[in-house]
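Have a look at my_file.pdb; it's PDB, N, CA and C atoms:
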ATOM      1  N   ARG U   1      15.465 -39.888  57.046
ATOM      2  CA  ARG U   1      15.707 -41.052  57.895
ATOM      3  C   ARG U   1      16.260 -40.626  59.248
ATOM      4  N   HIS U   2      17.288 -39.776  59.226
ATOM      5  CA  HIS U   2      17.857 -39.264  60.468
ATOM      6  C   HIS U   2      16.789 -38.523  61.283
ATOM      7  N   ARG U   3      15.976 -37.736  60.579
ATOM      8  CA  ARG U   3      14.918 -36.972  61.242
ATOM      9  C   ARG U   3      13.953 -37.902  61.969
ATOM     10  N   ASP U   4      13.576 -39.019  61.352
ATOM     11  CA  ASP U   4      12.675 -39.986  61.999
ATOM     12  C   ASP U   4      13.314 -40.573  63.247
ATOM     13  N   ASN U   5      14.607 -40.870  63.197
ATOM     14  CA  ASN U   5      15.317 -41.400  64.368
ATOM     15  C   ASN U   5      15.321 -40.397  65.507
ATOM     16  N   VAL U   6      15.540 -39.130  65.190
ATOM     17  CA  VAL U   6      15.564 -38.098  66.222
ATOM     18  C   VAL U   6      14.193 -37.966  66.863
ATOM     19  N   ILE U   7      13.139 -37.972  66.061
ATOM     20  CA  ILE U   7      11.781 -37.889  66.596
ATOM     21  C   ILE U   7      11.494 -39.088  67.481
ATOM     22  N   ASN U   8      11.880 -40.280  67.053
ATOM     23  CA  ASN U   8      11.660 -41.478  67.867
ATOM     24  C   ASN U   8      12.422 -41.391  69.176
ATOM     25  N   GLN U   9      13.653 -40.880  69.175
ATOM     26  CA  GLN U   9      14.420 -40.721  70.412
ATOM     27  C   GLN U   9      13.708 -39.774  71.363
ATOM     28  N   ALA U  10      13.187 -38.677  70.848
ATOM     29  CA  ALA U  10      12.503 -37.697  71.694
ATOM     30  C   ALA U  10      11.250 -38.297  72.314
ATOM     31  N   THR U  11      10.604 -39.196  71.613
ATOM     32  CA  THR U  11       9.387 -39.818  72.110
ATOM     33  C   THR U  11       9.678 -40.901  73.136
ATOM     34  N   LEU U  12      10.785 -41.620  72.985
ATOM     35  CA  LEU U  12      11.084 -42.764  73.841
ATOM     36  C   LEU U  12      11.844 -42.428  75.119
ATOM     37  N   LEU U  13      12.521 -41.277  75.162
ATOM     38  CA  LEU U  13      13.289 -40.920  76.355
ATOM     39  C   LEU U  13      12.366 -40.607  77.522
ATOM     40  N   PRO U  14      12.803 -40.901  78.744
ATOM     41  CA  PRO U  14      12.006 -40.467  79.888
ATOM     42  C   PRO U  14      11.847 -38.950  79.834
ATOM     43  N   SER U  15      10.686 -38.454  80.221
ATOM     44  CA  SER U  15      10.418 -37.020  80.069
ATOM     45  C   SER U  15      11.359 -36.152  80.893
ATOM     46  N   SER U  16      12.043 -36.717  81.876
ATOM     47  CA  SER U  16      12.960 -35.916  82.678
ATOM     48  C   SER U  16      14.263 -35.629  81.947
ATOM     49  N   LEU U  17      14.550 -36.378  80.895
ATOM     50  CA  LEU U  17      15.782 -36.170  80.142
ATOM     51  C   LEU U  17      15.474 -35.543  78.790
ATOM     52  N   PRO U  18      16.046 -34.373  78.528
ATOM     53  CA  PRO U  18      15.857 -33.826  77.188
ATOM     54  C   PRO U  18      16.597 -34.680  76.171
ATOM     55  N   PRO U  19      16.071 -34.782  74.969
ATOM     56  CA  PRO U  19      16.762 -35.561  73.947
ATOM     57  C   PRO U  19      18.108 -34.938  73.591
ATOM     58  N   PRO U  20      19.067 -35.758  73.200
ATOM     59  CA  PRO U  20      20.364 -35.216  72.783
ATOM     60  C   PRO U  20      20.184 -34.232  71.625
ATOM     61  N   GLY U  21      20.882 -33.127  71.685
ATOM     62  CA  GLY U  21      20.811 -32.143  70.608
ATOM     63  C   GLY U  21      19.653 -31.170  70.718
ATOM     64  N   LEU U  22      18.849 -31.281  71.775
ATOM     65  CA  LEU U  22      17.710 -30.388  71.934
ATOM     66  C   LEU U  22      18.180 -28.946  72.027
ATOM     67  N   SER U  23      17.479 -28.065  71.349
ATOM     68  CA  SER U  23      17.787 -26.635  71.439
ATOM     69  C   SER U  23      16.535 -25.837  71.124
ATOM     70  N   ILE U  24      16.587 -24.574  71.471
ATOM     71  CA  ILE U  24      15.557 -23.623  71.057
ATOM     72  C   ILE U  24      16.257 -22.681  70.088
ATOM     73  N   PRO U  25      15.915 -22.771  68.807
ATOM     74  CA  PRO U  25      16.615 -21.952  67.815
ATOM     75  C   PRO U  25      16.453 -20.452  68.080
ATOM     76  N   ASP U  26      17.496 -19.706  67.783
ATOM     77  CA  ASP U  26      17.427 -18.253  67.889
ATOM     78  C   ASP U  26      16.474 -17.720  66.841
ATOM     79  N   ILE U  27      15.871 -16.580  67.147
ATOM     80  CA  ILE U  27      15.033 -15.875  66.174
ATOM     81  C   ILE U  27      15.939 -14.869  65.486
ATOM     82  N   ARG U  28      16.222 -15.078  64.219
ATOM     83  CA  ARG U  28      17.169 -14.229  63.495
ATOM     84  C   ARG U  28      16.489 -13.250  62.532
ATOM     85  N   GLU U  29      15.190 -13.357  62.410
ATOM     86  CA  GLU U  29      14.466 -12.488  61.492
ATOM     87  C   GLU U  29      14.509 -11.048  61.983
ATOM     88  N   LYS U  30      14.826 -10.127  61.103
ATOM     89  CA  LYS U  30      14.891  -8.702  61.456
ATOM     90  C   LYS U  30      13.520  -8.045  61.358
ATOM     91  N   ASN U  31      12.714  -8.526  60.430
ATOM     92  CA  ASN U  31      11.370  -7.996  60.256
ATOM     93  C   ASN U  31      10.498  -8.458  61.427
ATOM     94  N   PRO U  32       9.851  -7.521  62.148
ATOM     95  CA  PRO U  32       9.057  -7.907  63.317
ATOM     96  C   PRO U  32       7.947  -8.918  63.012
ATOM     97  N   ASP U  33       7.302  -8.787  61.867
ATOM     98  CA  ASP U  33       6.237  -9.736  61.511
ATOM     99  C   ASP U  33       6.794 -11.143  61.300
ATOM    100  N   GLU U  34       7.954 -11.229  60.655
ATOM    101  CA  GLU U  34       8.590 -12.529  60.439
ATOM    102  C   GLU U  34       9.087 -13.122  61.757
ATOM    103  N   ALA U  35       9.608 -12.272  62.636
ATOM    104  CA  ALA U  35      10.065 -12.741  63.950
ATOM    105  C   ALA U  35       8.886 -13.286  64.750
ATOM    106  N   LEU U  36       7.755 -12.611  64.701
ATOM    107  CA  LEU U  36       6.566 -13.087  65.399
ATOM    108  C   LEU U  36       6.115 -14.442  64.849
ATOM    109  N   LYS U  37       6.127 -14.588  63.532
ATOM    110  CA  LYS U  37       5.772 -15.873  62.922
ATOM    111  C   LYS U  37       6.697 -16.985  63.407
ATOM    112  N   ALA U  38       7.981 -16.682  63.512
ATOM    113  CA  ALA U  38       8.956 -17.680  63.966
ATOM    114  C   ALA U  38       8.692 -18.081  65.415
ATOM    115  N   VAL U  39       8.393 -17.110  66.268
ATOM    116  CA  VAL U  39       8.085 -17.407  67.671
ATOM    117  C   VAL U  39       6.841 -18.285  67.758
ATOM    118  N   LEU U  40       5.793 -17.911  67.058
ATOM    119  CA  LEU U  40       4.551 -18.683  67.093
ATOM    120  C   LEU U  40       4.751 -20.086  66.538
ATOM    121  N   SER U  41       5.567 -20.196  65.517
ATOM    122  CA  SER U  41       5.868 -21.507  64.950
ATOM    123  C   SER U  41       6.590 -22.384  65.967
ATOM    124  N   GLN U  42       7.587 -21.841  66.651
ATOM    125  CA  GLN U  42       8.309 -22.629  67.659
ATOM    126  C   GLN U  42       7.384 -23.046  68.796
ATOM    127  N   TRP U  43       6.450 -22.210  69.144
ATOM    128  CA  TRP U  43       5.531 -22.539  70.228
ATOM    129  C   TRP U  43       4.601 -23.692  69.823
ATOM    130  N   LYS U  44       4.169 -23.687  68.554
ATOM    131  CA  LYS U  44       3.152 -24.644  68.108
ATOM    132  C   LYS U  44       3.692 -25.882  67.407
ATOM    133  N   GLU U  45       4.914 -25.813  66.847
ATOM    134  CA  GLU U  45       5.406 -26.899  65.996
ATOM    135  C   GLU U  45       6.867 -27.233  66.293
ATOM    136  N   ALA U  46       7.188 -28.498  66.149
ATOM    137  CA  ALA U  46       8.588 -28.921  66.247
ATOM    138  C   ALA U  46       9.344 -28.447  65.010
ATOM    139  N   ASP U  47      10.637 -28.315  65.158
ATOM    140  CA  ASP U  47      11.534 -27.993  64.038
ATOM    141  C   ASP U  47      12.789 -28.846  64.241
ATOM    142  N   VAL U  48      12.644 -30.128  63.965
ATOM    143  CA  VAL U  48      13.691 -31.114  64.250
ATOM    144  C   VAL U  48      15.003 -30.763  63.570
ATOM    145  N   ASP U  49      14.933 -30.242  62.363
ATOM    146  CA  ASP U  49      16.159 -29.895  61.635
ATOM    147  C   ASP U  49      16.987 -28.835  62.356
ATOM    148  N   ARG U  50      16.341 -28.030  63.203
ATOM    149  CA  ARG U  50      17.052 -26.975  63.946
ATOM    150  C   ARG U  50      17.197 -27.315  65.431
ATOM    151  N   GLY U  51      16.856 -28.547  65.832
ATOM    152  CA  GLY U  51      17.069 -28.984  67.212
ATOM    153  C   GLY U  51      15.859 -28.882  68.115
ATOM    154  N   LEU U  52      14.747 -28.384  67.598
ATOM    155  CA  LEU U  52      13.531 -28.263  68.397
ATOM    156  C   LEU U  52      12.703 -29.539  68.199
ATOM    157  N   MET U  53      12.921 -30.520  69.082
ATOM    158  CA  MET U  53      12.345 -31.858  68.919
ATOM    159  C   MET U  53      10.838 -31.911  69.144
ATOM    160  N   LYS U  54      10.321 -31.016  69.950
ATOM    161  CA  LYS U  54       8.888 -30.909  70.217
ATOM    162  C   LYS U  54       8.532 -29.441  70.225
ATOM    163  N   ALA U  55       7.280 -29.149  69.902
ATOM    164  CA  ALA U  55       6.806 -27.774  70.030
ATOM    165  C   ALA U  55       7.021 -27.320  71.472
ATOM    166  N   LEU U  56       7.391 -26.065  71.663
ATOM    167  CA  LEU U  56       7.674 -25.573  73.009
ATOM    168  C   LEU U  56       6.482 -25.741  73.954
ATOM    169  N   LYS U  57       5.271 -25.626  73.434
ATOM    170  CA  LYS U  57       4.088 -25.785  74.285
ATOM    171  C   LYS U  57       3.962 -27.197  74.836
ATOM    172  N   ASP U  58       4.603 -28.161  74.195
ATOM    173  CA  ASP U  58       4.507 -29.568  74.587
ATOM    174  C   ASP U  58       5.683 -30.055  75.424
ATOM    175  N   TRP U  59       6.619 -29.179  75.734
ATOM    176  CA  TRP U  59       7.789 -29.599  76.510
ATOM    177  C   TRP U  59       7.398 -29.977  77.926
ATOM    178  N   PRO U  60       7.889 -31.106  78.428
ATOM    179  CA  PRO U  60       7.707 -31.419  79.842
ATOM    180  C   PRO U  60       8.488 -30.405  80.694
ATOM    181  N   VAL U  61       7.971 -30.067  81.844
ATOM    182  CA  VAL U  61       8.604 -29.077  82.721
ATOM    183  C   VAL U  61      10.057 -29.438  83.006
ATOM    184  N   THR U  62      10.356 -30.704  83.116
ATOM    185  CA  THR U  62      11.717 -31.120  83.452
ATOM    186  C   THR U  62      12.727 -30.735  82.377
ATOM    187  N   TRP U  63      12.282 -30.497  81.153
ATOM    188  CA  TRP U  63      13.207 -30.112  80.091
ATOM    189  C   TRP U  63      13.727 -28.691  80.278
ATOM    190  N   TYR U  64      12.971 -27.837  80.959
ATOM    191  CA  TYR U  64      13.402 -26.440  81.113
ATOM    192  C   TYR U  64      13.476 -26.015  82.586
ATOM    193  N   SER U  65      13.652 -26.976  83.473
ATOM    194  CA  SER U  65      13.827 -26.668  84.894
ATOM    195  C   SER U  65      14.982 -27.503  85.438
ATOM    196  N   GLY U  66      15.275 -27.340  86.706
ATOM    197  CA  GLY U  66      16.359 -28.110  87.318
ATOM    198  C   GLY U  66      17.678 -27.856  86.617
ATOM    199  N   GLU U  67      18.356 -28.928  86.255
ATOM    200  CA  GLU U  67      19.668 -28.812  85.596
ATOM    201  C   GLU U  67      19.591 -28.103  84.243
ATOM    202  N   ASN U  68      18.440 -28.113  83.622
ATOM    203  CA  ASN U  68      18.282 -27.517  82.295
ATOM    204  C   ASN U  68      17.818 -26.061  82.336
ATOM    205  N   LYS U  69      17.567 -25.541  83.532
ATOM    206  CA  LYS U  69      16.996 -24.207  83.676
ATOM    207  C   LYS U  69      17.844 -23.133  82.998
ATOM    208  N   ASP U  70      19.146 -23.154  83.250
ATOM    209  CA  ASP U  70      20.015 -22.128  82.670
ATOM    210  C   ASP U  70      20.038 -22.167  81.156
ATOM    211  N   LYS U  71      19.862 -23.333  80.602
ATOM    212  CA  LYS U  71      19.963 -23.491  79.150
ATOM    213  C   LYS U  71      18.668 -23.124  78.414
ATOM    214  N   PHE U  72      17.512 -23.433  79.018
ATOM    215  CA  PHE U  72      16.254 -23.318  78.266
ATOM    216  C   PHE U  72      15.156 -22.449  78.877
ATOM    217  N   ALA U  73      15.151 -22.227  80.171
ATOM    218  CA  ALA U  73      13.986 -21.636  80.833
ATOM    219  C   ALA U  73      13.622 -20.238  80.310
ATOM    220  N   MET U  74      14.574 -19.325  80.257
ATOM    221  CA  MET U  74      14.254 -17.954  79.869
ATOM    222  C   MET U  74      13.811 -17.867  78.413
ATOM    223  N   LYS U  75      14.485 -18.583  77.555
ATOM    224  CA  LYS U  75      14.130 -18.540  76.133
ATOM    225  C   LYS U  75      12.727 -19.124  75.916
ATOM    226  N   ARG U  76      12.440 -20.239  76.574
ATOM    227  CA  ARG U  76      11.115 -20.843  76.443
ATOM    228  C   ARG U  76      10.053 -19.917  77.015
ATOM    229  N   PHE U  77      10.332 -19.328  78.178
ATOM    230  CA  PHE U  77       9.369 -18.433  78.812
ATOM    231  C   PHE U  77       9.065 -17.228  77.926
ATOM    232  N   SER U  78      10.079 -16.634  77.331
ATOM    233  CA  SER U  78       9.833 -15.474  76.472
ATOM    234  C   SER U  78       8.983 -15.861  75.265
ATOM    235  N   ARG U  79       9.227 -17.043  74.699
ATOM    236  CA  ARG U  79       8.397 -17.514  73.582
ATOM    237  C   ARG U  79       6.956 -17.739  74.058
ATOM    238  N   GLN U  80       6.800 -18.290  75.259
ATOM    239  CA  GLN U  80       5.474 -18.559  75.811
ATOM    240  C   GLN U  80       4.674 -17.272  75.997
ATOM    241  N   VAL U  81       5.300 -16.266  76.581
ATOM    242  CA  VAL U  81       4.611 -14.997  76.831
ATOM    243  C   VAL U  81       4.098 -14.408  75.520
ATOM    244  N   ILE U  82       4.944 -14.380  74.519
ATOM    245  CA  ILE U  82       4.562 -13.822  73.224
ATOM    246  C   ILE U  82       3.479 -14.676  72.568
ATOM    247  N   ALA U  83       3.673 -15.977  72.547
ATOM    248  CA  ALA U  83       2.709 -16.869  71.889
ATOM    249  C   ALA U  83       1.337 -16.795  72.542
ATOM    250  N   VAL U  84       1.291 -16.850  73.856
ATOM    251  CA  VAL U  84       0.001 -16.813  74.550
ATOM    252  C   VAL U  84      -0.702 -15.485  74.285
ATOM    253  N   GLU U  85       0.053 -14.403  74.250
ATOM    254  CA  GLU U  85      -0.537 -13.091  73.975
ATOM    255  C   GLU U  85      -1.190 -13.057  72.585
ATOM    256  N   TYR U  86      -0.511 -13.606  71.592
ATOM    257  CA  TYR U  86      -1.026 -13.523  70.231
ATOM    258  C   TYR U  86      -2.001 -14.636  69.870
ATOM    259  N   ILE U  87      -1.832 -15.798  70.429
ATOM    260  CA  ILE U  87      -2.725 -16.910  70.114
ATOM    261  C   ILE U  87      -4.095 -16.686  70.729
ATOM    262  N   ASP U  88      -4.129 -16.076  71.902
ATOM    263  CA  ASP U  88      -5.402 -15.845  72.577
ATOM    264  C   ASP U  88      -6.202 -14.689  72.010
ATOM    265  N   LYS U  89      -5.657 -13.952  71.045
ATOM    266  CA  LYS U  89      -6.383 -12.810  70.452
ATOM    267  C   LYS U  89      -7.344 -13.272  69.398
TER     268      LYS U  89
END
Would you mind writing the structure in this file as structure tokens?
Amino acid sequence: RHRDNVINQATLLPSSLPPPGLSIPDIREKNPDEALKAVLSQWKEADVDRGLMKALKDWPVTWYSGENKDKFAMKRFSRQVIAVEYIDK
């Protein structure tokens, strides 16, 4: 139930405002193959339980620029570089 409310909030907010609680989860896997899977998953799929309200590929630019740049830009960019490299193969 809570998860549905969070998803609805992320959908209804103006795209310039990130939803409350938005985060990009850390990759904690030590195994490189598992870490790669986690990166690709974050790029392609939401993980609401861990604060990732939308897949990183679907984030509006305003969520990781401007006031939010310090919080999200580098982490999102690093996930993007890796995901694009592996998805395009």
Output as lines of an AutoDock Vina configuration file the centre and edge lengths (Å, one decimal) of the box along x, y and z of the file that holds every listed atom of region 18-27 of chain U after adding 3 Å on each side.
center_x = 18.0
center_y = -25.3
center_z = 72.0
size_x = 11.8
size_y = 26.9
size_z = 19.0
Which residues of region 51-82 of chain U come within 8 Å of region 13-36 of chain U, and for each one, what is the closest pair of atoms and their distance in Å to one decimal, counting only C-alpha atoms, sorted by chain and residue number, as CSV?
residue,atom,partner,partner_atom,distance
U:Gly51,CA,U:Ser23,CA,4.9
U:Leu52,CA,U:Ser23,CA,5.5
U:Met53,CA,U:Leu22,CA,6.3
U:Pro60,CA,U:Ser15,CA,6.2
U:Thr62,CA,U:Ser16,CA,5.0
U:Trp63,CA,U:Pro18,CA,5.4
U:Phe72,CA,U:Ile24,CA,7.2
U:Lys75,CA,U:Ile24,CA,7.3
U:Arg76,CA,U:Ile24,CA,7.5
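Across the model, the gap from CA of Leu40 (chain U) to atom N of Val84 (chain U) is 7.7 Å.
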**Request:** Could you tell me, as number ranges by chain, which residues of region 32-88 of chain U DSSP assigns to helix (DSSP H, G or I) when given the backbone?
**Result:** U: 32-44, 48-50, 56-58, 61-64, 66-87
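Note that CA of Gln80 (chain U) and CA of Trp43 (chain U) are 6.9 Å apart.
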**Asked** When you draw a straight line from atom N of Lys57 (chain U) to CA of Asp70 (chain U), how long is it in Å?
**Response**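 For atom N of Lys57 (chain U) relative to CA of Asp70 (chain U), the distance reads 17.7 Å.
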9 Å contact set for Ser41 (chain U), only C-alpha atoms, chain neighbours under 5 positions out, as a short mmCIF file (atom, residue, chain, number, x, y, z; two decimals) with N, CA and C atoms, keeping the file's coordinate frame:
data_model
loop_
_atom_site.label_atom_id
_atom_site.label_comp_id
_atom_site.auth_asym_id
_atom_site.auth_seq_id
_atom_site.Cartn_x
_atom_site.Cartn_y
_atom_site.Cartn_z
N LEU U 36 7.76 -12.61 64.70
CA LEU U 36 6.57 -13.09 65.40
C LEU U 36 6.12 -14.44 64.85
N ALA U 46 7.19 -28.50 66.15
CA ALA U 46 8.59 -28.92 66.25
C ALA U 46 9.34 -28.45 65.01
N ASP U 47 10.64 -28.32 65.16
CA ASP U 47 11.53 -27.99 64.04
C ASP U 47 12.79 -28.85 64.24
N ALA U 55 7.28 -29.15 69.90
CA ALA U 55 6.81 -27.77 70.03
C ALA U 55 7.02 -27.32 71.47
N ALA U 83 3.67 -15.98 72.55
CA ALA U 83 2.71 -16.87 71.89
C ALA U 83 1.34 -16.80 72.54
#
